[in-house]
$ cat my_file.cif   # mmCIF, C-alpha atoms
data_final
#
loop_
_atom_site.label_atom_id
_atom_site.label_comp_id
_atom_site.auth_asym_id
_atom_site.auth_seq_id
_atom_site.Cartn_x
_atom_site.Cartn_y
_atom_site.Cartn_z
CA GLN A 22 0.00 0.00 0.00
CA VAL A 23 1.28 3.45 -0.87
CA GLN A 24 2.63 5.60 1.97
CA LEU A 25 2.08 9.36 1.99
CA VAL A 26 4.05 11.82 4.12
CA GLU A 27 2.91 15.43 4.42
CA SER A 28 5.01 18.36 5.59
CA GLY A 29 5.08 22.14 5.54
CA GLY A 30 2.42 23.00 8.06
CA GLY A 31 2.87 25.51 10.85
CA LEU A 32 1.62 28.67 12.49
CA VAL A 33 1.00 31.64 10.21
CA GLN A 34 -0.73 34.98 10.59
CA PRO A 35 -3.90 35.81 8.65
CA GLY A 36 -2.98 36.89 5.14
CA GLY A 37 0.15 34.78 5.16
CA SER A 38 1.21 31.85 2.99
CA LEU A 39 2.33 28.26 3.42
CA LYS A 40 3.35 25.54 0.99
CA LEU A 41 2.51 21.96 1.88
CA SER A 42 4.22 18.93 0.39
CA CYS A 43 3.09 15.32 0.12
CA VAL A 44 5.69 12.74 -0.80
CA ALA A 45 4.42 9.37 -2.03
CA SER A 46 6.21 6.02 -1.81
CA ALA A 47 5.12 5.20 -5.35
CA ASP A 48 4.91 6.85 -8.76
CA ILE A 49 2.23 9.51 -8.36
CA LEU A 50 1.29 9.17 -12.02
CA SER A 51 0.18 5.61 -11.32
CA ALA A 52 -2.63 6.99 -9.16
CA ASP A 53 -5.96 7.91 -10.71
CA ALA A 54 -5.69 11.20 -8.82
CA MET A 55 -4.17 12.88 -5.81
CA GLY A 56 -5.40 15.70 -3.65
CA TRP A 57 -5.90 17.31 -0.28
CA ILE A 58 -8.62 17.42 2.33
CA ARG A 59 -8.64 19.11 5.73
CA GLU A 60 -10.08 18.33 9.13
CA ALA A 61 -10.79 20.63 12.06
CA PRO A 62 -12.32 19.95 15.48
CA GLY A 63 -16.07 20.31 15.40
CA LYS A 64 -16.18 20.51 11.61
CA GLN A 65 -16.84 18.02 8.87
CA ARG A 66 -13.98 16.84 6.72
CA GLU A 67 -13.64 19.33 3.87
CA PHE A 68 -12.45 18.84 0.31
CA VAL A 69 -9.62 21.21 -0.60
CA ALA A 70 -8.03 20.31 -3.94
CA HIS A 71 -7.81 17.47 -6.47
CA MET A 72 -5.62 16.72 -9.47
CA SER A 73 -6.29 13.80 -11.78
CA ARG A 74 -3.60 11.82 -13.55
CA LEU A 75 -4.37 13.81 -16.68
CA GLY A 76 -3.94 17.06 -14.79
CA VAL A 77 -7.58 18.07 -14.39
CA ILE A 78 -7.83 20.20 -11.25
CA GLN A 79 -10.68 20.96 -8.89
CA TYR A 80 -10.84 23.14 -5.77
CA GLY A 81 -13.20 23.45 -2.86
CA ASP A 82 -15.31 26.61 -2.98
CA SER A 83 -13.76 28.06 0.16
CA VAL A 84 -10.19 27.96 -1.25
CA LYS A 85 -10.71 28.89 -4.91
CA GLY A 86 -8.45 31.73 -5.95
CA ARG A 87 -6.22 31.31 -2.89
CA PHE A 88 -4.86 27.75 -3.03
CA THR A 89 -3.00 26.03 -5.86
CA ILE A 90 -2.31 22.32 -6.26
CA ALA A 91 0.71 21.20 -8.25
CA ARG A 92 2.88 18.12 -8.67
CA ASP A 93 6.42 17.10 -9.47
CA ALA A 94 6.28 13.58 -10.85
CA ALA A 95 10.06 13.24 -10.80
CA LYS A 96 9.93 13.68 -7.02
CA ASP A 97 6.64 11.79 -6.51
CA THR A 98 5.44 14.88 -4.69
CA VAL A 99 2.20 16.86 -4.69
CA TYR A 100 2.13 20.40 -3.38
CA LEU A 101 -0.49 22.76 -2.02
CA GLN A 102 0.40 26.44 -2.17
CA MET A 103 -1.83 28.36 0.21
CA ASN A 104 -2.02 32.15 0.00
CA ASN A 105 -4.08 34.77 1.83
CA LEU A 106 -4.69 32.33 4.65
CA LYS A 107 -7.66 32.90 6.96
CA PRO A 108 -8.35 31.67 10.49
CA GLU A 109 -11.01 29.34 9.10
CA ASP A 110 -8.28 27.56 7.11
CA THR A 111 -6.95 26.17 10.38
CA GLY A 112 -6.89 22.39 10.53
CA ALA A 113 -5.04 19.21 9.74
CA TYR A 114 -4.31 18.88 6.02
CA LEU A 115 -4.21 15.36 4.67
CA CYS A 116 -2.95 14.28 1.29
CA TYR A 117 -4.77 11.46 -0.48
CA TRP A 118 -3.96 8.97 -3.22
CA GLN A 119 -6.97 7.85 -5.21
CA MET A 120 -7.21 4.54 -7.05
CA LEU A 121 -10.44 3.05 -8.37
CA SER A 122 -12.42 5.53 -6.26
CA LYS A 123 -10.70 4.45 -3.05
CA ASN A 124 -8.57 6.97 -1.15
CA THR A 125 -5.46 6.32 0.90
CA TYR A 126 -4.53 9.15 3.28
CA GLY A 127 -1.38 10.38 4.93
CA ARG A 128 -1.19 11.33 8.60
CA GLY A 129 -1.52 15.02 7.85
CA THR A 130 0.23 18.25 8.69
CA GLN A 131 -1.24 20.89 11.00
CA VAL A 132 -1.92 24.41 9.75
CA THR A 133 -2.84 27.10 12.27
CA VAL A 134 -3.82 30.58 11.11
CA SER A 135 -3.84 32.98 14.02
CA ASN A 136 -2.45 36.22 15.39
#
$ encode --input "my_file.cif" --output "structure tokens"
Amino acid sequence: QVQLVESGGGLVQPGGSLKLSCVASADILSADAMGWIREAPGKQREFVAHMSRLGVIQYGDSVKGRFTIARDAAKDTVYLQMNNLKPEDTGAYLCYWQMLSKNTYGRGTQVTVSN
């Protein structure tokens, strides 16, 4: 089973930026798609961003225009560039690997947006 390791989270002030990374133990182009979700206490799991093998991209409504998903296949890494961060973006960000409609998740990286 593929292993996913996220990094890049931290504490940032509102309006700031962070770039998350997700390194996979397998060729990311062998997945049907990869993406990001986030979890926060008291909130439902929320879809953030998705990139198919062919490069088709989707974003959650709350992050459109602020977040960008990208990949480097040579490094088996998917990125999430997050700009103009807001307190409501606080949460654990988990990378996923999708194959035949089944997702495998990493352990996540914590993002906290606060003064």
$ residues_around --input "my_file.cif" --residues "Cys116 (chain A)" --least-positions-apart "5" --cutoff "6 Å" --atoms "only C-alpha atoms" --output "list of chain:residue names"
A:Gly56, A:Trp57, A:Tyr126, A:Gly127
$ atom_distance --input "my_file.cif" --atom1 "CA of Val134 (chain A)" --atom2 "CA of Ser28 (chain A)"
16.1 Å
$ residues_near_point --input "my_file.cif" --point "(-8.2, 17.8, 13.1)" --cutoff "12 Å" --atoms "all atoms listed in the file" --output "list in words"
Ile58, Arg59, Glu60, Ala61, Pro62, Gly63, Lys64, Gln65, Arg66, Glu67, Asp110, Thr111, Gly112, Ala113, Tyr114, Leu115, Arg128, Gly129, Thr130, Gln131, Val132 and Thr133 of chain A
$ closest_residue --input "my_file.cif" --among "A:Ser122, A:Met103, A:Gln79, A:Tyr117" --to "Val26 (chain A)" --atoms "all atoms listed in the file"
A:Tyr117
$ resolve_selection --input "my_file.cif" --expression "the PyMOL selection byres ((chain A and resi 34) around 10)" --output "ChimeraX atom specification"
/A:32-33,35-38,105-108,133-136
$ write_last_selection --input "my_file.cif" --atoms "C-alpha atoms" --output "PDB file, keeping the file's coordinate frame"
ATOM      1  CA  LEU A  32       1.620  28.670  12.490  1.00  0.00           C
ATOM      2  CA  VAL A  33       1.000  31.640  10.210  1.00  0.00           C
ATOM      3  CA  PRO A  35      -3.900  35.810   8.650  1.00  0.00           C
ATOM      4  CA  GLY A  36      -2.980  36.890   5.140  1.00  0.00           C
ATOM      5  CA  GLY A  37       0.150  34.780   5.160  1.00  0.00           C
ATOM      6  CA  SER A  38       1.210  31.850   2.990  1.00  0.00           C
ATOM      7  CA  ASN A 105      -4.080  34.770   1.830  1.00  0.00           C
ATOM      8  CA  LEU A 106      -4.690  32.330   4.650  1.00  0.00           C
ATOM      9  CA  LYS A 107      -7.660  32.900   6.960  1.00  0.00           C
ATOM     10  CA  PRO A 108      -8.350  31.670  10.490  1.00  0.00           C
ATOM     11  CA  THR A 133      -2.840  27.100  12.270  1.00  0.00           C
ATOM     12  CA  VAL A 134      -3.820  30.580  11.110  1.00  0.00           C
ATOM     13  CA  SER A 135      -3.840  32.980  14.020  1.00  0.00           C
ATOM     14  CA  ASN A 136      -2.450  36.220  15.390  1.00  0.00           C
TER      15      ASN A 136
END
$ atom_distance --input "my_file.cif" --atom1 "CA of Gly81 (chain A)" --atom2 "CA of Leu101 (chain A)"
12.8 Å
$ residues_around --input "my_file.cif" --residues "Gln22 (chain A)" --least-positions-apart "5" --cutoff "10 Å" --atoms "all atoms listed in the file" --output "PyMOL selection string"
chain A and resi 46-47+125
$ atom_distance --input "my_file.cif" --atom1 "CA of Gly86 (chain A)" --atom2 "CA of Glu109 (chain A)"
15.5 Å
$ closest_residue --input "my_file.cif" --among "A:Leu25, A:Met120, A:Ala70, A:Ile90" --to "Gln102 (chain A)" --atoms "all atoms listed in the file"
A:Ile90
$ resolve_selection --input "my_file.cif" --expression "the PyMOL selection byres ((chain A and resi 80) around 8)" --output "PDB file with C-alpha atoms, keeping the file's coordinate frame"
ATOM      1  CA  PHE A  68     -12.450  18.840   0.310  1.00  0.00           C
ATOM      2  CA  VAL A  69      -9.620  21.210  -0.600  1.00  0.00           C
ATOM      3  CA  ALA A  70      -8.030  20.310  -3.940  1.00  0.00           C
ATOM      4  CA  HIS A  71      -7.810  17.470  -6.470  1.00  0.00           C
ATOM      5  CA  ILE A  78      -7.830  20.200 -11.250  1.00  0.00           C
ATOM      6  CA  GLN A  79     -10.680  20.960  -8.890  1.00  0.00           C
ATOM      7  CA  GLY A  81     -13.200  23.450  -2.860  1.00  0.00           C
ATOM      8  CA  ASP A  82     -15.310  26.610  -2.980  1.00  0.00           C
ATOM      9  CA  VAL A  84     -10.190  27.960  -1.250  1.00  0.00           C
ATOM     10  CA  LYS A  85     -10.710  28.890  -4.910  1.00  0.00           C
TER      11      LYS A  85
END
$ residues_around --input "my_file.cif" --residues "Asp48 (chain A)" --least-positions-apart "6" --cutoff "10 Å" --atoms "all atoms listed in the file" --output "list of chain:residue names"
A:Val23, A:Ala94, A:Ala95, A:Lys96, A:Asp97, A:Thr98
$ residues_near_point --input "my_file.cif" --point "(-5.7, 9.0, -10.6)" --cutoff "6 Å" --atoms "all atoms listed in the file" --output "PDB file with C-alpha atoms, keeping the file's coordinate frame"
ATOM      1  CA  ALA A  52      -2.630   6.990  -9.160  1.00  0.00           C
ATOM      2  CA  ASP A  53      -5.960   7.910 -10.710  1.00  0.00           C
ATOM      3  CA  ALA A  54      -5.690  11.200  -8.820  1.00  0.00           C
ATOM      4  CA  SER A  73      -6.290  13.800 -11.780  1.00  0.00           C
ATOM      5  CA  ARG A  74      -3.600  11.820 -13.550  1.00  0.00           C
ATOM      6  CA  GLN A 119      -6.970   7.850  -5.210  1.00  0.00           C
ATOM      7  CA  MET A 120      -7.210   4.540  -7.050  1.00  0.00           C
TER       8      MET A 120
END
$ residues_around --input "my_file.cif" --residues "Gly76 (chain A)" --least-positions-apart "4" --cutoff "10 Å" --atoms "all atoms listed in the file" --output "PyMOL selection string"
chain A and resi 50+54-55+71-72+91-92
$ residues_around --input "my_file.cif" --residues "Ser42 (chain A)" --least-positions-apart "2" --cutoff "6 Å" --atoms "all atoms listed in the file" --output "count of residues only"
4
$ closest_residue --input "my_file.cif" --among "A:Ser83, A:Gly29, A:Leu121, A:Asp93" --to "Ile49 (chain A)" --atoms "only C-alpha atoms"
A:Asp93
